[in-house]
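Coordinates from coords00.pdb are shown below (PDB, C-alpha atoms, pLDDT in the B column).
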ATOM      1  CA  MET A   1      20.894  -7.896  23.750  1.00 49.00           C
ATOM      2  CA  SER A   2      21.685  -5.266  26.333  1.00 52.00           C
ATOM      3  CA  ARG A   3      25.226  -4.215  27.173  1.00 57.00           C
ATOM      4  CA  VAL A   4      25.004  -5.779  30.632  1.00 53.00           C
ATOM      5  CA  SER A   5      24.160  -9.212  29.311  1.00 75.00           C
ATOM      6  CA  GLU A   6      26.807  -8.945  26.551  1.00 76.00           C
ATOM      7  CA  ARG A   7      29.441  -8.257  29.206  1.00 76.00           C
ATOM      8  CA  ALA A   8      28.139 -10.937  31.541  1.00 79.00           C
ATOM      9  CA  LEU A   9      28.063 -13.691  28.903  1.00 80.00           C
ATOM     10  CA  PRO A  10      31.860 -14.326  28.771  1.00 82.00           C
ATOM     11  CA  VAL A  11      32.041 -14.340  32.582  1.00 81.00           C
ATOM     12  CA  TYR A  12      29.097 -16.744  32.747  1.00 81.00           C
ATOM     13  CA  LEU A  13      30.645 -19.025  30.120  1.00 83.00           C
ATOM     14  CA  GLN A  14      34.015 -18.978  31.921  1.00 85.00           C
ATOM     15  CA  THR A  15      32.334 -19.857  35.235  1.00 84.00           C
ATOM     16  CA  LEU A  16      30.340 -22.608  33.554  1.00 84.00           C
ATOM     17  CA  LYS A  17      33.501 -23.999  31.966  1.00 89.00           C
ATOM     18  CA  GLN A  18      35.361 -23.943  35.313  1.00 87.00           C
ATOM     19  CA  SER A  19      32.513 -25.674  37.123  1.00 87.00           C
ATOM     20  CA  GLU A  20      32.274 -28.312  34.381  1.00 90.00           C
ATOM     21  CA  ASN A  21      36.023 -29.010  34.605  1.00 89.00           C
ATOM     22  CA  LEU A  22      35.924 -29.196  38.406  1.00 89.00           C
ATOM     23  CA  GLY A  23      32.898 -31.476  38.258  1.00 89.00           C
ATOM     24  CA  GLU A  24      34.734 -33.830  35.912  1.00 92.00           C
ATOM     25  CA  GLU A  25      37.777 -33.835  38.204  1.00 92.00           C
ATOM     26  CA  VAL A  26      35.578 -34.636  41.214  1.00 91.00           C
ATOM     27  CA  LEU A  27      33.933 -37.533  39.377  1.00 93.00           C
ATOM     28  CA  ALA A  28      37.304 -38.840  38.169  1.00 95.00           C
ATOM     29  CA  ASP A  29      38.719 -38.685  41.701  1.00 94.00           C
ATOM     30  CA  GLN A  30      35.688 -40.492  43.099  1.00 94.00           C
ATOM     31  CA  GLN A  31      36.061 -43.221  40.484  1.00 97.00           C
ATOM     32  CA  GLN A  32      39.759 -43.542  41.263  1.00 96.00           C
ATOM     33  CA  ILE A  33      38.945 -43.902  44.981  1.00 95.00           C
ATOM     34  CA  VAL A  34      36.473 -46.690  44.149  1.00 96.00           C
ATOM     35  CA  GLU A  35      39.069 -48.532  42.036  1.00 97.00           C
ATOM     36  CA  LEU A  36      41.786 -48.171  44.691  1.00 96.00           C
ATOM     37  CA  ASP A  37      39.365 -49.315  47.372  1.00 96.00           C
ATOM     38  CA  LYS A  38      38.584 -52.458  45.349  1.00 96.00           C
ATOM     39  CA  ARG A  39      42.322 -53.173  45.113  1.00 95.00           C
ATOM     40  CA  ARG A  40      42.710 -52.529  48.830  1.00 95.00           C
ATOM     41  CA  GLN A  41      39.874 -54.934  49.633  1.00 96.00           C
ATOM     42  CA  THR A  42      41.379 -57.653  47.408  1.00 94.00           C
ATOM     43  CA  ASN A  43      44.748 -57.045  49.028  1.00 94.00           C
ATOM     44  CA  ARG A  44      43.160 -57.324  52.482  1.00 94.00           C
ATOM     45  CA  GLN A  45      41.579 -60.648  51.523  1.00 95.00           C
ATOM     46  CA  ALA A  46      44.930 -61.973  50.280  1.00 91.00           C
ATOM     47  CA  LEU A  47      46.658 -60.842  53.465  1.00 92.00           C
ATOM     48  CA  ARG A  48      43.999 -62.585  55.541  1.00 93.00           C
ATOM     49  CA  ALA A  49      44.435 -65.795  53.520  1.00 90.00           C
ATOM     50  CA  VAL A  50      48.215 -65.685  54.040  1.00 90.00           C
ATOM     51  CA  LYS A  51      47.840 -65.192  57.796  1.00 89.00           C
ATOM     52  CA  LYS A  52      45.202 -67.940  58.008  1.00 90.00           C
ATOM     53  CA  GLU A  53      47.343 -70.548  56.239  1.00 84.00           C
ATOM     54  CA  LYS A  54      49.137 -72.605  58.864  1.00 84.00           C
ATOM     55  CA  GLU A  55      50.401 -75.654  56.979  1.00 85.00           C
ATOM     56  CA  GLU A  56      52.510 -74.139  54.224  1.00 81.00           C
ATOM     57  CA  ASN A  57      55.742 -72.193  54.728  1.00 88.00           C
ATOM     58  CA  LYS A  58      55.786 -71.101  51.083  1.00 90.00           C
ATOM     59  CA  MET A  59      52.814 -70.034  48.996  1.00 89.00           C
ATOM     60  CA  TRP A  60      52.153 -69.688  45.305  1.00 90.00           C
ATOM     61  CA  VAL A  61      51.474 -66.151  44.124  1.00 88.00           C
ATOM     62  CA  MET A  62      50.855 -64.742  40.666  1.00 87.00           C
ATOM     63  CA  MET A  63      53.223 -61.911  39.787  1.00 86.00           C
ATOM     64  CA  GLY A  64      52.529 -60.476  36.375  1.00 87.00           C
ATOM     65  CA  ASN A  65      52.013 -63.489  34.121  1.00 92.00           C
ATOM     66  CA  GLU A  66      53.964 -65.977  36.222  1.00 94.00           C
ATOM     67  CA  PHE A  67      53.316 -68.058  39.300  1.00 93.00           C
ATOM     68  CA  VAL A  68      56.080 -67.872  41.885  1.00 92.00           C
ATOM     69  CA  LYS A  69      56.480 -69.749  45.159  1.00 92.00           C
ATOM     70  CA  VAL A  70      57.332 -67.238  47.895  1.00 91.00           C
ATOM     71  CA  GLU A  71      58.017 -67.432  51.634  1.00 92.00           C
ATOM     72  CA  LYS A  72      54.846 -66.747  53.571  1.00 91.00           C
ATOM     73  CA  SER A  73      56.482 -64.091  55.757  1.00 89.00           C
ATOM     74  CA  LEU A  74      57.889 -62.259  52.723  1.00 92.00           C
ATOM     75  CA  LEU A  75      54.524 -62.371  50.963  1.00 91.00           C
ATOM     76  CA  GLY A  76      52.812 -61.024  54.080  1.00 91.00           C
ATOM     77  CA  SER A  77      55.238 -58.108  54.308  1.00 93.00           C
ATOM     78  CA  TRP A  78      54.706 -57.308  50.606  1.00 93.00           C
ATOM     79  CA  LEU A  79      50.947 -57.281  51.061  1.00 93.00           C
ATOM     80  CA  GLU A  80      51.178 -55.130  54.190  1.00 94.00           C
ATOM     81  CA  SER A  81      53.393 -52.584  52.437  1.00 95.00           C
ATOM     82  CA  ASP A  82      51.002 -52.561  49.454  1.00 94.00           C
ATOM     83  CA  GLN A  83      48.149 -51.963  51.897  1.00 95.00           C
ATOM     84  CA  LYS A  84      49.941 -48.942  53.382  1.00 95.00           C
ATOM     85  CA  VAL A  85      50.621 -47.500  49.922  1.00 96.00           C
ATOM     86  CA  LEU A  86      46.984 -47.941  48.908  1.00 96.00           C
ATOM     87  CA  ASP A  87      45.795 -46.294  52.132  1.00 94.00           C
ATOM     88  CA  LYS A  88      48.089 -43.300  51.537  1.00 95.00           C
ATOM     89  CA  GLU A  89      46.926 -42.934  47.930  1.00 96.00           C
ATOM     90  CA  ILE A  90      43.253 -43.070  48.898  1.00 95.00           C
ATOM     91  CA  ASN A  91      43.713 -40.556  51.719  1.00 92.00           C
ATOM     92  CA  SER A  92      45.665 -38.193  49.487  1.00 92.00           C
ATOM     93  CA  ILE A  93      42.948 -38.282  46.815  1.00 94.00           C
ATOM     94  CA  ARG A  94      40.260 -37.740  49.477  1.00 91.00           C
ATOM     95  CA  ASP A  95      42.125 -34.712  50.839  1.00 88.00           C
ATOM     96  CA  GLY A  96      42.370 -33.198  47.348  1.00 90.00           C
ATOM     97  CA  LEU A  97      38.737 -34.014  46.697  1.00 89.00           C
ATOM     98  CA  LYS A  98      37.597 -31.828  49.586  1.00 86.00           C
ATOM     99  CA  SER A  99      39.244 -28.727  48.148  1.00 86.00           C
ATOM    100  CA  LYS A 100      37.827 -29.452  44.679  1.00 89.00           C
ATOM    101  CA  VAL A 101      34.302 -29.877  46.072  1.00 88.00           C
ATOM    102  CA  GLN A 102      34.725 -26.651  48.044  1.00 85.00           C
ATOM    103  CA  ALA A 103      35.808 -24.759  44.906  1.00 86.00           C
ATOM    104  CA  LEU A 104      32.910 -26.265  42.949  1.00 86.00           C
ATOM    105  CA  LYS A 105      30.382 -25.229  45.595  1.00 85.00           C
ATOM    106  CA  GLN A 106      31.813 -21.700  45.625  1.00 84.00           C
ATOM    107  CA  LEU A 107      31.531 -21.476  41.826  1.00 83.00           C
ATOM    108  CA  GLU A 108      27.927 -22.625  42.037  1.00 81.00           C
ATOM    109  CA  GLY A 109      27.245 -20.070  44.779  1.00 81.00           C
ATOM    110  CA  GLU A 110      26.367 -22.696  47.376  1.00 80.00           C
ATOM    111  CA  GLU A 111      27.323 -22.504  51.017  1.00 79.00           C
ATOM    112  CA  ILE A 112      29.804 -25.044  52.328  1.00 75.00           C
ATOM    113  CA  PRO A 113      28.157 -27.143  55.053  1.00 73.00           C
ATOM    114  CA  ARG A 114      29.392 -26.844  58.620  1.00 73.00           C
ATOM    115  CA  GLY A 115      31.738 -29.647  59.521  1.00 70.00           C
ATOM    116  CA  PHE A 116      32.794 -30.178  55.889  1.00 68.00           C
ATOM    117  CA  PHE A 117      36.482 -30.272  56.818  1.00 68.00           C
ATOM    118  CA  LEU A 118      36.132 -32.487  59.887  1.00 71.00           C
ATOM    119  CA  GLU A 119      38.659 -35.297  60.090  1.00 73.00           C
ATOM    120  CA  ALA A 120      38.399 -38.658  61.791  1.00 74.00           C
ATOM    121  CA  MET A 121      40.116 -39.028  65.133  1.00 74.00           C
ATOM    122  CA  LYS A 122      43.335 -40.997  65.269  1.00 77.00           C
ATOM    123  CA  LYS A 123      43.683 -44.165  67.358  1.00 76.00           C
ATOM    124  CA  ASN A 124      45.742 -42.500  70.078  1.00 79.00           C
ATOM    125  CA  GLU A 125      43.185 -39.676  70.393  1.00 78.00           C
ATOM    126  CA  LEU A 126      40.379 -42.195  70.774  1.00 74.00           C
ATOM    127  CA  SER A 127      42.280 -44.145  73.404  1.00 76.00           C
ATOM    128  CA  ASN A 128      42.965 -40.907  75.303  1.00 77.00           C
ATOM    129  CA  ILE A 129      39.256 -40.133  75.319  1.00 77.00           C
ATOM    130  CA  GLY A 130      38.448 -43.648  76.517  1.00 68.00           C
ATOM    131  CA  SER A 131      40.966 -43.511  79.348  1.00 69.00           C
ATOM    132  CA  THR A 132      39.852 -40.011  80.368  1.00 67.00           C
ATOM    133  CA  ALA A 133      36.189 -41.008  80.331  1.00 60.00           C
ATOM    134  CA  GLY A 134      37.017 -44.064  82.449  1.00 60.00           C
ATOM    135  CA  ARG A 135      38.781 -41.928  85.065  1.00 57.00           C
ATOM    136  CA  VAL A 136      35.884 -39.455  85.176  1.00 48.00           C
ATOM    137  CA  THR A 137      33.348 -42.276  85.537  1.00 50.00           C
ATOM    138  CA  GLU A 138      35.397 -43.912  88.317  1.00 51.00           C
ATOM    139  CA  ARG A 139      35.594 -40.619  90.181  1.00 52.00           C
ATOM    140  CA  TYR A 140      31.819 -40.220  90.244  1.00 50.00           C
ATOM    141  CA  LEU A 141      31.044 -43.881  90.964  1.00 51.00           C
ATOM    142  CA  ASP A 142      33.413 -44.307  93.914  1.00 50.00           C
ATOM    143  CA  PRO A 143      31.855 -43.229  97.257  1.00 49.00           C
TER     144      PRO A 143
END

Rewrite the coordinates I just gave you, this time as structure tokens.
Amino acid sequence: MSRVSERALPVYLQTLKQSENLGEEVLADQQQIVELDKRRQTNRQALRAVKKEKEENKMWVMMGNEFVKVEKSLLGSWLESDQKVLDKEINSIRDGLKSKVQALKQLEGEEIPRGFFLEAMKKNELSNIGSTAGRVTERYLDP
């Protein structure tokens, strides 16, 4: 073996080890997002069922290993707060996932695609665009 390859081997092995660890973290985060999303979907279904129920003021719910009869309004607020917590957890994992994927791509020597760090628009931004577009359209349509 030449001296160059003997020196490069530890660096190559270290890079390979780092990329393997990052790859495992990315896969673990993706799996965690899938599991949290399943919980969020189940929670959404339960919230919908609570809102749809019109006859009962109290509903049975399983908490741990016990069934408990709970006020419908209280149950709805619990489910809504759980929904918010799940949304925050998923978004936080997604934000961390972007930086891990970026680091992994850099280790592998790949270029990060344009628009990789784009974020979805918020509701108020979308409504501002809609109202602005409406005003512009009205200006050009009116004689």

Using the chain letters and numbers from the file, give me the residues hit by the PyMOL selection byres ((chain A and resi 44) around 12), as a list in words.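 After applying the PyMOL selection byres ((chain A and resi 44) around 12), what remains is Asp37, Lys38, Arg39, Arg40, Gln41, Thr42, Asn43, Gln45, Ala46, Leu47, Arg48, Ala49, Val50, Lys51, Gly76, Trp78, Leu79, Glu80, Ser81, Asp82, Gln83, Lys84, Leu86 and Asp87 of chain A.
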
When you look at Lys69 in chain A with a cut-off of 10 Å (counting all atoms listed in the file), what residues show up, excluding the ones that are within fewer than 5 positions of it in the same chain? I need them as an MDAnalysis selection string. chainID A and resid 57:62 75

Within 12 Å of range 102-118 of chain A, which residues of range 17-43 of chain A show up? Give each one with its shortest atom-to-atom distance in Å (one decimal) and the two atoms involved, counting only C-alpha atoms, rows by chain then rising residue number, as CSV.
residue,atom,partner,partner_atom,distance
A:Lys17,CA,A:Leu107,CA,10.4
A:Gln18,CA,A:Leu107,CA,7.9
A:Ser19,CA,A:Leu104,CA,5.9
A:Glu20,CA,A:Leu104,CA,8.8
A:Asn21,CA,A:Leu104,CA,9.3
A:Leu22,CA,A:Leu104,CA,6.2
A:Gly23,CA,A:Leu104,CA,7.0
A:Glu24,CA,A:Leu104,CA,10.5
A:Glu25,CA,A:Leu104,CA,10.2
A:Val26,CA,A:Leu104,CA,9.0
A:Leu27,CA,A:Leu104,CA,11.9

Running the PyMOL selection byres ((chain A and resi 94) around 12) on this model by hand, what would come out? Give it as an mmCIF file with C-alpha atoms, in the coordinates of the input.
data_model
loop_
_atom_site.group_PDB
_atom_site.id
_atom_site.type_symbol
_atom_site.label_atom_id
_atom_site.label_comp_id
_atom_site.auth_asym_id
_atom_site.auth_seq_id
_atom_site.Cartn_x
_atom_site.Cartn_y
_atom_site.Cartn_z
ATOM 1 C CA VAL A 26 35.578 -34.636 41.214
ATOM 2 C CA LEU A 27 33.933 -37.533 39.377
ATOM 3 C CA ALA A 28 37.304 -38.840 38.169
ATOM 4 C CA ASP A 29 38.719 -38.685 41.701
ATOM 5 C CA GLN A 30 35.688 -40.492 43.099
ATOM 6 C CA GLN A 31 36.061 -43.221 40.484
ATOM 7 C CA GLN A 32 39.759 -43.542 41.263
ATOM 8 C CA ILE A 33 38.945 -43.902 44.981
ATOM 9 C CA VAL A 34 36.473 -46.690 44.149
ATOM 10 C CA LEU A 36 41.786 -48.171 44.691
ATOM 11 C CA ASP A 37 39.365 -49.315 47.372
ATOM 12 C CA ASP A 87 45.795 -46.294 52.132
ATOM 13 C CA LYS A 88 48.089 -43.300 51.537
ATOM 14 C CA GLU A 89 46.926 -42.934 47.930
ATOM 15 C CA ILE A 90 43.253 -43.070 48.898
ATOM 16 C CA ASN A 91 43.713 -40.556 51.719
ATOM 17 C CA SER A 92 45.665 -38.193 49.487
ATOM 18 C CA ILE A 93 42.948 -38.282 46.815
ATOM 19 C CA ASP A 95 42.125 -34.712 50.839
ATOM 20 C CA GLY A 96 42.370 -33.198 47.348
ATOM 21 C CA LEU A 97 38.737 -34.014 46.697
ATOM 22 C CA LYS A 98 37.597 -31.828 49.586
ATOM 23 C CA SER A 99 39.244 -28.727 48.148
ATOM 24 C CA LYS A 100 37.827 -29.452 44.679
ATOM 25 C CA VAL A 101 34.302 -29.877 46.072
ATOM 26 C CA PHE A 117 36.482 -30.272 56.818
ATOM 27 C CA GLU A 119 38.659 -35.297 60.090
#

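Coordinates place CA of Glu55 in chain A at a distance of 19.5 Å from CA of Phe67 in chain A.
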
Kindly indicate which residue among A:Ile129, A:Ser73, A:Met121, A:Val85 lies nearest to Glu53 in chain A, using all atoms listed in the file for the distances.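 So, comparing all the options, the nearest one is A:Ser73.
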
Would you compute an axis-aligned box for range 98-113 of chain A, covering every atom listed for it in the file with 3 Å of margin on each side, and report centre and edge lengths in Å to one decimal as JSON?
{"center_x": 32.8, "center_y": -25.9, "center_z": 48.4, "size_x": 18.9, "size_y": 17.8, "size_z": 19.2}

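The two atoms in question, CA of Ser77 in chain A and CA of Asn124 in chain A, are spaced 24.1 Å apart.
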
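When only C-alpha atoms are used to compute distances to Val70 in chain A, the closest of the residues A:Glu6, A:Asn128, A:Leu13, A:Glu56 turns out to be A:Glu56.
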
Computed interatomic separation between CA of Lys52 in chain A and CA of Leu74 in chain A (Å):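 One can read the CA of Lys52 in chain A to CA of Leu74 in chain A distance as 14.9 Å.
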